[in-house]
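Taking it in order: structure first as structure tokens, then the write-up.
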Amino acid sequence: MSARRLNIGIIGGGLMGREIAAALRRWPALIDHPADPRLVAVCDINPAAMEWFDGIESVRMKTTDYTELLADPDIDVVYIAVRHDLHEKLYVDTVRAGKALLAEKPFGIDRAAADAVMAAIDETPGAFVRVSSEMPFFPGAQWAVDYIRSGALGRIVEASCSFLHSSDIDVDKPLNWKRQKQFCGDAGVMNDLGMHTWHVPLRLGWAPERLQGVLQDIVTERPGPDGEPAPCDTWDNAVIHSWATHDGAPFPLTTETKRIAPGQKNTWEFEAVGMSGGVRFSTKNPKAVEVFAIVDVPGIGREQSWQSIDAGSQSVWPTVTGANFESGFSDAILQMWAAFLAELTGDLGDRFGTVRPEEAALTHRIFDAAAVSHEEGRLVAPAS
């Protein structure tokens, strides 16, 4: 199969920009992928941040002006990883420049910003935009999705999805932009991590109909640039209890996004149980997928049983990696990009895809409803 050459530009040369660059260098691990991506341009307002990319021979442009990158007619796809308050302007300009866009969550600092990007997409013929969320591309997470789609759960009893950090348990950690509303947004940790917890539920059709938000601002001050205490005014932890519907039957759905989850580093967890079966997966043990069933136990009879199965390495797109090997974070990023570019070229088929812009825009309505619910102590329906 002849792969389509796609030239990639990155705006934001920080942690995730480097992760994406590394993933593109591993592209030959994918088998018969329809795209042949090459990183050709990097933009960052800090020239020092771009020095890391000097070791990538295909990079021919380094610039501190993102409009220079967008003006290059040879660049096909742009990945943007910048502060939330910068999303709207950069995303709208990228769409209007005719570039395919993989945007970082939360797809704008708030609902108004997300709606502005959606308007630009609607007004631009041929626009192709998706949003980054790599954790569901772990093989175990894909097994869980396929298990649910098979109908094995029967009537759903309950489901949950969590994304758990503990880096902010250090109260002496200096203040940064993710801990300030003016840059991160009023939704705080929900903006920062929430898309991870809603990607799978929304793709399964589990949009919340009514919800209750339980939000925590635990560390209210952190050391500022001068070492003196400065306000840390974003939500640290957020739990959203909601009602969703599956096959016409309502069930409780819970999502958790936490920057202060003692004992966790970077854990994504998903669980769904029903009257006929159940499935759960956590990146804390990335090979293990647990399934629930009522089984015949010799000499005992019919009993309930959680069974653990090793998932191996294969996810959305096949790779040269041995099927029995383990998968990790860098593999999930590679799979996310494989899905993104395969969908761009029209070759994804019915495989699991990256977050759609309308799904990302919906999360802002969910976060707004969670904040109102927390403040007023009542169930709230997300705005349409």
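The way I read the labels, and the way they are meant: chains A, B, ... in the order of the structure tokens, residue 1 as the first residue of every chain, and ligand 1 as the first ligand shown, with later ones counted on from there.
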* To do: Any chance you could list, as a VMD selection string, the residues in stretch 43-260 of chain A that come up alpha helix (DSSP H) when DSSP is run on the backbone?
  => chain A and resid 66 to 70 87 to 96 111 to 123 139 to 149 181 to 184 189 to 203
Output as a Markdown table one row per residue of stretch 258-310 of chain A within 8 Å of stretch 143-147 of chain A: the closest atom pair and its distance in Å to one decimal place, counting only C-alpha atoms, sorted by chain and residue number ascending.
| residue | atom | partner | partner_atom | distance |
| --- | --- | --- | --- | --- |
| A:Val279 | CA | A:Ala144 | CA | 6.0 |
| A:Arg280 | CA | A:Ala144 | CA | 6.7 |
| A:Phe281 | CA | A:Ala144 | CA | 7.1 |
| A:Val289 | CA | A:Ala144 | CA | 7.6 |
Find the residues of stretch 74-184 of chain A that sit at most 12 Å from stretch 23-41 of chain A; for each, write down the nearest two atoms and how far apart they are in Å, to one decimal. Count only C-alpha atoms. Sort by chain, then by number going up, and give it as a tab-separated table.
residue	atom	partner	partner_atom	distance
A:Asp74	CA	A:Val40	CA	9.2
A:Ile75	CA	A:Val40	CA	7.7
A:Asp76	CA	A:Pro37	CA	9.5
A:Val77	CA	A:Pro37	CA	9.0
A:Val78	CA	A:Ala41	CA	9.2
A:Tyr79	CA	A:Leu39	CA	10.3
A:Ile80	CA	A:Ala41	CA	11.9
A:Glu134	CA	A:Ala23	CA	11.9
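Residues within 9 Å of A:Val189, counting only C-alpha atoms and excluding same-chain residues fewer than 2 positions away, are A:Lys178, A:Arg179, A:Cys184, A:Ala187, A:Asn191, A:Asp192, A:Leu193, A:Gly194, A:Thr234, A:Trp235, A:Asp236, A:Asn237, A:Ala238, A:Thr257, A:Lys258, A:Arg259.
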Selection: 12 Å around A:Leu379, only C-alpha atoms, excl. self and same-chain fewer than 3 positions, as an mmCIF file with all heavy atoms, in the first residue's frame:
data_model
loop_
_atom_site.group_PDB
_atom_site.id
_atom_site.type_symbol
_atom_site.label_atom_id
_atom_site.label_comp_id
_atom_site.auth_asym_id
_atom_site.auth_seq_id
_atom_site.Cartn_x
_atom_site.Cartn_y
_atom_site.Cartn_z
ATOM 1 N N PRO A 208 -24.204 12.410 29.834
ATOM 2 C CA PRO A 208 -24.940 12.570 31.090
ATOM 3 C C PRO A 208 -26.202 13.397 30.902
ATOM 4 O O PRO A 208 -26.187 14.424 30.221
ATOM 5 C CB PRO A 208 -23.929 13.283 31.993
ATOM 6 C CG PRO A 208 -23.044 14.022 31.059
ATOM 7 C CD PRO A 208 -22.945 13.161 29.831
ATOM 8 N N GLU A 209 -27.277 12.943 31.501
ATOM 9 C CA GLU A 209 -28.556 13.643 31.390
ATOM 10 C C GLU A 209 -28.796 14.558 32.590
ATOM 11 O O GLU A 209 -29.376 15.630 32.454
ATOM 12 C CB GLU A 209 -29.677 12.616 31.250
ATOM 13 C CG GLU A 209 -29.521 11.777 29.978
ATOM 14 C CD GLU A 209 -30.320 10.490 30.013
ATOM 15 O OE1 GLU A 209 -31.115 10.293 30.962
ATOM 16 O OE2 GLU A 209 -30.143 9.670 29.090
ATOM 17 N N ARG A 210 -28.383 14.126 33.766
ATOM 18 C CA ARG A 210 -28.423 14.922 34.988
ATOM 19 C C ARG A 210 -27.167 14.588 35.772
ATOM 20 O O ARG A 210 -26.675 13.461 35.716
ATOM 21 C CB ARG A 210 -29.645 14.572 35.838
ATOM 22 C CG ARG A 210 -30.994 14.923 35.218
ATOM 23 C CD ARG A 210 -32.123 14.306 36.026
ATOM 24 N NE ARG A 210 -32.084 12.856 35.968
ATOM 25 C CZ ARG A 210 -32.422 12.034 36.963
ATOM 26 N NH1 ARG A 210 -32.782 12.542 38.132
ATOM 27 N NH2 ARG A 210 -32.385 10.733 36.806
ATOM 28 N N LEU A 211 -26.631 15.555 36.500
ATOM 29 C CA LEU A 211 -25.382 15.279 37.202
ATOM 30 C C LEU A 211 -25.276 16.067 38.499
ATOM 31 O O LEU A 211 -25.933 17.097 38.693
ATOM 32 C CB LEU A 211 -24.176 15.549 36.301
ATOM 33 C CG LEU A 211 -23.977 16.951 35.726
ATOM 34 C CD1 LEU A 211 -23.311 17.881 36.725
ATOM 35 C CD2 LEU A 211 -23.144 16.876 34.452
ATOM 36 N N GLN A 212 -24.403 15.557 39.369
ATOM 37 C CA GLN A 212 -24.043 16.218 40.624
ATOM 38 C C GLN A 212 -22.535 16.362 40.655
ATOM 39 O O GLN A 212 -21.806 15.377 40.482
ATOM 40 C CB GLN A 212 -24.494 15.383 41.824
ATOM 41 C CG GLN A 212 -24.044 15.900 43.187
ATOM 42 C CD GLN A 212 -24.875 17.075 43.663
ATOM 43 O OE1 GLN A 212 -26.103 16.986 43.719
ATOM 44 N NE2 GLN A 212 -24.224 18.162 44.024
ATOM 45 N N GLY A 213 -22.037 17.579 40.819
ATOM 46 C CA GLY A 213 -20.602 17.816 40.899
ATOM 47 C C GLY A 213 -20.135 17.959 42.326
ATOM 48 O O GLY A 213 -20.773 18.628 43.144
ATOM 49 N N VAL A 214 -19.020 17.301 42.644
ATOM 50 C CA VAL A 214 -18.379 17.414 43.955
ATOM 51 C C VAL A 214 -16.949 17.884 43.703
ATOM 52 O O VAL A 214 -16.102 17.114 43.231
ATOM 53 C CB VAL A 214 -18.385 16.072 44.715
ATOM 54 C CG1 VAL A 214 -17.738 16.236 46.085
ATOM 55 C CG2 VAL A 214 -19.805 15.526 44.849
ATOM 56 N N ILE A 240 -17.782 13.754 39.343
ATOM 57 C CA ILE A 240 -19.091 14.023 38.742
ATOM 58 C C ILE A 240 -19.920 12.749 38.771
ATOM 59 O O ILE A 240 -19.557 11.741 38.134
ATOM 60 C CB ILE A 240 -18.959 14.539 37.300
ATOM 61 C CG1 ILE A 240 -18.161 15.845 37.260
ATOM 62 C CG2 ILE A 240 -20.345 14.739 36.679
ATOM 63 C CD1 ILE A 240 -17.903 16.371 35.856
ATOM 64 N N HIS A 241 -20.991 12.770 39.537
ATOM 65 C CA HIS A 241 -21.950 11.665 39.581
ATOM 66 C C HIS A 241 -23.084 12.011 38.623
ATOM 67 O O HIS A 241 -23.697 13.081 38.749
ATOM 68 C CB HIS A 241 -22.502 11.472 40.993
ATOM 69 C CG HIS A 241 -21.454 11.175 42.018
ATOM 70 N ND1 HIS A 241 -20.823 9.963 42.104
ATOM 71 C CD2 HIS A 241 -20.919 11.949 43.006
ATOM 72 C CE1 HIS A 241 -19.951 9.979 43.098
ATOM 73 N NE2 HIS A 241 -19.985 11.172 43.659
ATOM 74 N N SER A 242 -23.375 11.121 37.697
ATOM 75 C CA SER A 242 -24.388 11.454 36.701
ATOM 76 C C SER A 242 -25.274 10.253 36.386
ATOM 77 O O SER A 242 -24.963 9.108 36.760
ATOM 78 C CB SER A 242 -23.715 11.948 35.412
ATOM 79 O OG SER A 242 -22.949 10.926 34.801
ATOM 80 N N TRP A 243 -26.370 10.551 35.679
ATOM 81 C CA TRP A 243 -27.247 9.520 35.134
ATOM 82 C C TRP A 243 -27.106 9.534 33.622
ATOM 83 O O TRP A 243 -27.230 10.574 32.980
ATOM 84 C CB TRP A 243 -28.700 9.766 35.529
ATOM 85 C CG TRP A 243 -28.994 9.405 36.957
ATOM 86 C CD1 TRP A 243 -29.035 10.255 38.018
ATOM 87 C CD2 TRP A 243 -29.275 8.100 37.457
ATOM 88 N NE1 TRP A 243 -29.322 9.553 39.176
ATOM 89 C CE2 TRP A 243 -29.479 8.221 38.855
ATOM 90 C CE3 TRP A 243 -29.384 6.832 36.881
ATOM 91 C CZ2 TRP A 243 -29.775 7.128 39.672
ATOM 92 C CZ3 TRP A 243 -29.675 5.746 37.684
ATOM 93 C CH2 TRP A 243 -29.870 5.892 39.060
ATOM 94 N N ILE A 366 -20.732 19.885 30.332
ATOM 95 C CA ILE A 366 -20.720 19.002 31.509
ATOM 96 C C ILE A 366 -20.015 19.684 32.678
ATOM 97 O O ILE A 366 -20.505 19.681 33.814
ATOM 98 C CB ILE A 366 -20.044 17.665 31.153
ATOM 99 C CG1 ILE A 366 -20.880 16.892 30.125
ATOM 100 C CG2 ILE A 366 -19.815 16.829 32.405
ATOM 101 C CD1 ILE A 366 -20.178 15.682 29.548
ATOM 102 N N ALA A 369 -22.099 22.473 34.158
ATOM 103 C CA ALA A 369 -23.184 21.923 34.970
ATOM 104 C C ALA A 369 -22.661 21.404 36.300
ATOM 105 O O ALA A 369 -23.317 21.553 37.346
ATOM 106 C CB ALA A 369 -23.895 20.806 34.208
ATOM 107 N N ALA A 370 -21.462 20.806 36.299
ATOM 108 C CA ALA A 370 -20.869 20.299 37.537
ATOM 109 C C ALA A 370 -20.594 21.442 38.511
ATOM 110 O O ALA A 370 -20.814 21.303 39.728
ATOM 111 C CB ALA A 370 -19.585 19.531 37.236
ATOM 112 N N ALA A 371 -20.113 22.570 37.991
ATOM 113 C CA ALA A 371 -19.832 23.717 38.858
ATOM 114 C C ALA A 371 -21.117 24.282 39.455
ATOM 115 O O ALA A 371 -21.175 24.618 40.648
ATOM 116 C CB ALA A 371 -19.088 24.794 38.075
ATOM 117 N N VAL A 372 -22.167 24.392 38.634
ATOM 118 C CA VAL A 372 -23.456 24.886 39.136
ATOM 119 C C VAL A 372 -24.010 23.923 40.175
ATOM 120 O O VAL A 372 -24.506 24.337 41.243
ATOM 121 C CB VAL A 372 -24.454 25.058 37.973
ATOM 122 C CG1 VAL A 372 -25.852 25.369 38.509
ATOM 123 C CG2 VAL A 372 -23.985 26.162 37.035
ATOM 124 N N SER A 373 -23.917 22.635 39.894
ATOM 125 C CA SER A 373 -24.406 21.628 40.830
ATOM 126 C C SER A 373 -23.684 21.699 42.157
ATOM 127 O O SER A 373 -24.293 21.631 43.230
ATOM 128 C CB SER A 373 -24.238 20.237 40.212
ATOM 129 O OG SER A 373 -24.456 19.229 41.176
ATOM 130 N N HIS A 374 -22.355 21.835 42.092
ATOM 131 C CA HIS A 374 -21.571 21.928 43.337
ATOM 132 C C HIS A 374 -21.979 23.155 44.141
ATOM 133 O O HIS A 374 -22.127 23.086 45.364
ATOM 134 C CB HIS A 374 -20.085 21.996 42.986
ATOM 135 C CG HIS A 374 -19.200 22.198 44.170
ATOM 136 N ND1 HIS A 374 -18.843 21.175 45.027
ATOM 137 C CD2 HIS A 374 -18.596 23.324 44.660
ATOM 138 C CE1 HIS A 374 -18.065 21.658 45.977
ATOM 139 N NE2 HIS A 374 -17.899 22.948 45.781
ATOM 140 N N GLU A 375 -22.163 24.275 43.460
ATOM 141 C CA GLU A 375 -22.495 25.523 44.144
ATOM 142 C C GLU A 375 -23.897 25.481 44.742
ATOM 143 O O GLU A 375 -24.119 25.961 45.870
ATOM 144 C CB GLU A 375 -22.391 26.686 43.151
ATOM 145 C CG GLU A 375 -22.685 28.052 43.745
ATOM 146 C CD GLU A 375 -21.645 28.511 44.725
ATOM 147 O OE1 GLU A 375 -20.479 28.039 44.634
ATOM 148 O OE2 GLU A 375 -21.990 29.345 45.603
ATOM 149 N N GLU A 376 -24.819 24.877 44.029
ATOM 150 C CA GLU A 376 -26.227 24.926 44.457
ATOM 151 C C GLU A 376 -26.695 23.651 45.143
ATOM 152 O O GLU A 376 -27.808 23.603 45.658
ATOM 153 C CB GLU A 376 -27.101 25.233 43.243
ATOM 154 C CG GLU A 376 -26.786 26.578 42.601
ATOM 155 C CD GLU A 376 -27.687 26.901 41.418
ATOM 156 O OE1 GLU A 376 -28.595 26.073 41.111
ATOM 157 O OE2 GLU A 376 -27.498 27.975 40.809
ATOM 158 N N PRO A 382 -26.848 19.181 31.863
ATOM 159 C CA PRO A 382 -25.946 19.976 31.028
ATOM 160 C C PRO A 382 -26.749 20.720 29.948
ATOM 161 O O PRO A 382 -27.731 20.209 29.426
ATOM 162 C CB PRO A 382 -25.020 18.932 30.411
ATOM 163 C CG PRO A 382 -25.054 17.786 31.362
ATOM 164 C CD PRO A 382 -26.460 17.757 31.892
#
* Structure fact -> Between atom CA of A:Lys105 and atom CA of A:Pro174 lies a distance of 22.8 Å
* Counting only C-alpha atoms, figure out which residue out of A:Gly346, A:Gly224, A:Pro106, A:Pro286 gets nearest to A:Leu362. => A:Pro106
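For A:Gly140, the list of residues within 10 Å, based on only C-alpha atoms and with local chain neighbours fewer than 6 positions off taken out, reads Asp146, Phe270, Arg280, Phe281, Ser282, Thr283, Asn285, Pro286, Lys287, Ala288, Val289, Glu290, Ile309, Asp310, Ala311, Gly312, Ser313, Gln314, Ser315 and Ser327 of chain A.
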Keeping N, CA, C and O atoms for every residue in the selection just given, could you write it to a file as a PDB file, in the first residue's frame?
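Okay, part16.pdb is ready:
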ATOM      1  N   ASP A 146     -14.570  -2.914  23.472  1.00  0.00           N
ATOM      2  CA  ASP A 146     -15.115  -3.977  22.625  1.00  0.00           C
ATOM      3  C   ASP A 146     -16.035  -4.902  23.421  1.00  0.00           C
ATOM      4  O   ASP A 146     -17.048  -5.387  22.896  1.00  0.00           O
ATOM      5  N   PHE A 270     -11.098   2.454  34.205  1.00  0.00           N
ATOM      6  CA  PHE A 270     -12.456   2.345  33.662  1.00  0.00           C
ATOM      7  C   PHE A 270     -13.094   1.062  34.153  1.00  0.00           C
ATOM      8  O   PHE A 270     -12.438   0.020  34.211  1.00  0.00           O
ATOM      9  N   ARG A 280     -13.235  -4.278  33.709  1.00  0.00           N
ATOM     10  CA  ARG A 280     -12.500  -3.164  34.288  1.00  0.00           C
ATOM     11  C   ARG A 280     -11.042  -3.235  33.870  1.00  0.00           C
ATOM     12  O   ARG A 280     -10.480  -4.304  33.631  1.00  0.00           O
ATOM     13  N   PHE A 281     -10.447  -2.028  33.778  1.00  0.00           N
ATOM     14  CA  PHE A 281      -9.050  -1.904  33.352  1.00  0.00           C
ATOM     15  C   PHE A 281      -8.439  -0.693  34.017  1.00  0.00           C
ATOM     16  O   PHE A 281      -9.093   0.336  34.184  1.00  0.00           O
ATOM     17  N   SER A 282      -7.170  -0.796  34.402  1.00  0.00           N
ATOM     18  CA  SER A 282      -6.415   0.315  34.963  1.00  0.00           C
ATOM     19  C   SER A 282      -5.015   0.311  34.368  1.00  0.00           C
ATOM     20  O   SER A 282      -4.386  -0.747  34.237  1.00  0.00           O
ATOM     21  N   THR A 283      -4.514   1.510  34.026  1.00  0.00           N
ATOM     22  CA  THR A 283      -3.146   1.602  33.516  1.00  0.00           C
ATOM     23  C   THR A 283      -2.119   1.305  34.603  1.00  0.00           C
ATOM     24  O   THR A 283      -0.934   1.156  34.303  1.00  0.00           O
ATOM     25  N   ASN A 285      -1.919  -1.417  36.045  1.00  0.00           N
ATOM     26  CA  ASN A 285      -1.511  -2.779  35.680  1.00  0.00           C
ATOM     27  C   ASN A 285      -1.865  -2.953  34.209  1.00  0.00           C
ATOM     28  O   ASN A 285      -2.899  -3.537  33.876  1.00  0.00           O
ATOM     29  N   PRO A 286      -1.048  -2.420  33.289  1.00  0.00           N
ATOM     30  CA  PRO A 286      -1.466  -2.217  31.908  1.00  0.00           C
ATOM     31  C   PRO A 286      -1.712  -3.475  31.085  1.00  0.00           C
ATOM     32  O   PRO A 286      -2.287  -3.386  30.007  1.00  0.00           O
ATOM     33  N   LYS A 287      -1.281  -4.647  31.557  1.00  0.00           N
ATOM     34  CA  LYS A 287      -1.563  -5.854  30.780  1.00  0.00           C
ATOM     35  C   LYS A 287      -2.869  -6.522  31.183  1.00  0.00           C
ATOM     36  O   LYS A 287      -3.409  -7.340  30.447  1.00  0.00           O
ATOM     37  N   ALA A 288      -3.386  -6.206  32.374  1.00  0.00           N
ATOM     38  CA  ALA A 288      -4.499  -6.975  32.923  1.00  0.00           C
ATOM     39  C   ALA A 288      -5.849  -6.320  32.624  1.00  0.00           C
ATOM     40  O   ALA A 288      -6.068  -5.156  32.917  1.00  0.00           O
ATOM     41  N   VAL A 289      -6.741  -7.108  32.052  1.00  0.00           N
ATOM     42  CA  VAL A 289      -8.138  -6.737  31.911  1.00  0.00           C
ATOM     43  C   VAL A 289      -8.944  -7.737  32.717  1.00  0.00           C
ATOM     44  O   VAL A 289      -8.737  -8.947  32.604  1.00  0.00           O
ATOM     45  N   GLU A 290      -9.841  -7.238  33.560  1.00  0.00           N
ATOM     46  CA  GLU A 290     -10.663  -8.130  34.372  1.00  0.00           C
ATOM     47  C   GLU A 290     -12.077  -8.175  33.811  1.00  0.00           C
ATOM     48  O   GLU A 290     -12.647  -7.135  33.457  1.00  0.00           O
ATOM     49  N   ILE A 309      -7.287 -11.342  32.585  1.00  0.00           N
ATOM     50  CA  ILE A 309      -6.752 -11.784  31.304  1.00  0.00           C
ATOM     51  C   ILE A 309      -5.669 -10.810  30.873  1.00  0.00           C
ATOM     52  O   ILE A 309      -5.835  -9.598  30.982  1.00  0.00           O
ATOM     53  N   ASP A 310      -4.545 -11.313  30.351  1.00  0.00           N
ATOM     54  CA  ASP A 310      -3.486 -10.440  29.838  1.00  0.00           C
ATOM     55  C   ASP A 310      -3.856  -9.929  28.453  1.00  0.00           C
ATOM     56  O   ASP A 310      -4.181 -10.713  27.547  1.00  0.00           O
ATOM     57  N   ALA A 311      -3.771  -8.595  28.268  1.00  0.00           N
ATOM     58  CA  ALA A 311      -4.214  -7.980  27.020  1.00  0.00           C
ATOM     59  C   ALA A 311      -3.145  -7.973  25.932  1.00  0.00           C
ATOM     60  O   ALA A 311      -3.474  -7.912  24.754  1.00  0.00           O
ATOM     61  N   GLY A 312      -1.866  -7.987  26.288  1.00  0.00           N
ATOM     62  CA  GLY A 312      -0.825  -7.928  25.266  1.00  0.00           C
ATOM     63  C   GLY A 312      -0.601  -6.535  24.725  1.00  0.00           C
ATOM     64  O   GLY A 312      -0.933  -5.537  25.364  1.00  0.00           O
ATOM     65  N   SER A 313      -0.074  -6.432  23.499  1.00  0.00           N
ATOM     66  CA  SER A 313       0.407  -5.145  22.982  1.00  0.00           C
ATOM     67  C   SER A 313      -0.467  -4.525  21.897  1.00  0.00           C
ATOM     68  O   SER A 313      -0.315  -3.346  21.595  1.00  0.00           O
ATOM     69  N   GLN A 314      -1.353  -5.275  21.280  1.00  0.00           N
ATOM     70  CA  GLN A 314      -2.036  -4.775  20.091  1.00  0.00           C
ATOM     71  C   GLN A 314      -3.255  -3.926  20.444  1.00  0.00           C
ATOM     72  O   GLN A 314      -4.062  -4.306  21.285  1.00  0.00           O
ATOM     73  N   SER A 315      -3.372  -2.762  19.772  1.00  0.00           N
ATOM     74  CA  SER A 315      -4.445  -1.829  20.065  1.00  0.00           C
ATOM     75  C   SER A 315      -5.249  -1.562  18.794  1.00  0.00           C
ATOM     76  O   SER A 315      -5.680  -2.491  18.121  1.00  0.00           O
ATOM     77  N   SER A 327       2.306  -2.945  26.779  1.00  0.00           N
ATOM     78  CA  SER A 327       2.117  -1.650  26.141  1.00  0.00           C
ATOM     79  C   SER A 327       2.243  -0.557  27.186  1.00  0.00           C
ATOM     80  O   SER A 327       1.930  -0.775  28.367  1.00  0.00           O
TER      81      SER A 327
END
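Straight-line separation from atom CA of A:Pro73 to atom CA of A:Ser58: 16.4 Å.
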Residues of stretch 109-178 of chain A at most 7 Å from stretch 355-358 of chain A: nearest atom pair and distance in Å, only C-alpha atoms, as a tab-separated table:
residue	atom	partner	partner_atom	distance
A:Val129	CA	A:Pro357	CA	6.5
A:Arg130	CA	A:Arg356	CA	5.1
A:Val131	CA	A:Val355	CA	4.9
A:Ser132	CA	A:Val355	CA	6.5
A:Ser133	CA	A:Val355	CA	6.7
* Residue neighbourhood A:Asn266, 9 Å, only C-alpha atoms, exclusion window fewer than 3 positions, as a list in words -> Phe163, Leu164, His165, Ser166, Ser167, Thr283 and Lys284 of chain A
Those residues with all heavy atoms, as a compact mmCIF listing (two decimals), in the first residue's frame please?
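What landed in again_9.txt:
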# COMPACT_ATOMS: atom_id res chain seq x y z
N PHE A 163 -9.29 9.61 36.13
CA PHE A 163 -7.91 9.96 35.81
C PHE A 163 -7.30 10.59 37.06
O PHE A 163 -7.78 11.62 37.54
CB PHE A 163 -7.84 10.93 34.64
CG PHE A 163 -6.46 10.98 34.02
CD1 PHE A 163 -6.06 10.00 33.14
CD2 PHE A 163 -5.57 11.98 34.33
CE1 PHE A 163 -4.78 10.03 32.58
CE2 PHE A 163 -4.31 12.02 33.79
CZ PHE A 163 -3.91 11.04 32.91
N LEU A 164 -6.25 9.94 37.57
CA LEU A 164 -5.77 10.24 38.92
C LEU A 164 -4.29 10.58 38.92
O LEU A 164 -3.45 9.79 38.48
CB LEU A 164 -6.01 9.03 39.83
CG LEU A 164 -7.44 8.46 39.80
CD1 LEU A 164 -7.50 7.15 40.58
CD2 LEU A 164 -8.42 9.47 40.36
N HIS A 165 -3.97 11.78 39.42
CA HIS A 165 -2.59 12.25 39.64
C HIS A 165 -2.36 12.42 41.15
O HIS A 165 -3.32 12.51 41.92
CB HIS A 165 -2.38 13.64 39.02
CG HIS A 165 -1.97 13.61 37.59
ND1 HIS A 165 -0.84 12.99 37.14
CD2 HIS A 165 -2.55 14.17 36.49
CE1 HIS A 165 -0.72 13.17 35.84
NE2 HIS A 165 -1.76 13.87 35.41
N SER A 166 -1.10 12.53 41.53
CA SER A 166 -0.81 12.91 42.92
C SER A 166 0.28 13.96 43.01
O SER A 166 0.76 14.28 44.09
CB SER A 166 -0.37 11.68 43.73
OG SER A 166 0.85 11.16 43.24
N SER A 167 0.68 14.54 41.86
CA SER A 167 1.80 15.48 41.87
C SER A 167 1.54 16.70 42.75
O SER A 167 2.47 17.28 43.32
CB SER A 167 2.11 15.95 40.44
OG SER A 167 0.98 16.59 39.87
N THR A 283 -4.51 1.51 34.03
CA THR A 283 -3.15 1.60 33.52
C THR A 283 -2.12 1.31 34.60
O THR A 283 -0.93 1.16 34.30
CB THR A 283 -2.87 3.00 32.93
OG1 THR A 283 -3.12 4.00 33.94
CG2 THR A 283 -3.76 3.26 31.73
N LYS A 284 -2.56 1.21 35.85
CA LYS A 284 -1.64 0.83 36.91
C LYS A 284 -1.11 -0.59 36.68
O LYS A 284 0.01 -0.93 37.07
CB LYS A 284 -2.34 0.93 38.28
CG LYS A 284 -1.40 0.76 39.47
CD LYS A 284 -2.15 0.92 40.79
CE LYS A 284 -2.46 2.37 41.07
NZ LYS A 284 -1.22 3.13 41.45
* To do: Select, from A:Ile169, A:Ala360, A:Val117, A:Leu15, the residue with the minimum atom-to-atom distance to A:Ala207, counting only C-alpha atoms.
  => A:Ala360
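For the residues A:Gly248, A:Gly377, A:Gly185, A:Gly151, ranking by smallest atom-to-atom distance to A:Ala272 using only C-alpha atoms places A:Gly151 first.
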* Structure fact -> Using only C-alpha atoms, the shortest atom-to-atom distance to A:Thr254 among A:Gly353, A:Pro201, A:Gly299, A:Gly13 belongs to A:Pro201
* To do: For A:Thr94, list every protein, DNA or RNA residue within 12 Å, evaluated using only C-alpha atoms, and leave out those in the same chain fewer than 2 positions away; present the list as a ChimeraX atom specification.
  => /A:9-11,66-72,75-80,87-92,96-103,117,120-121,124,127-129
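Taking atom CA of A:Lys62 as the reference point, atom CA of A:Asp44 is found at 8.1 Å.
Distance check against A:Arg60 using only C-alpha atoms: of A:Gly277, A:Ile109, A:Leu153, A:Asn7, the minimum falls on A:Asn7.
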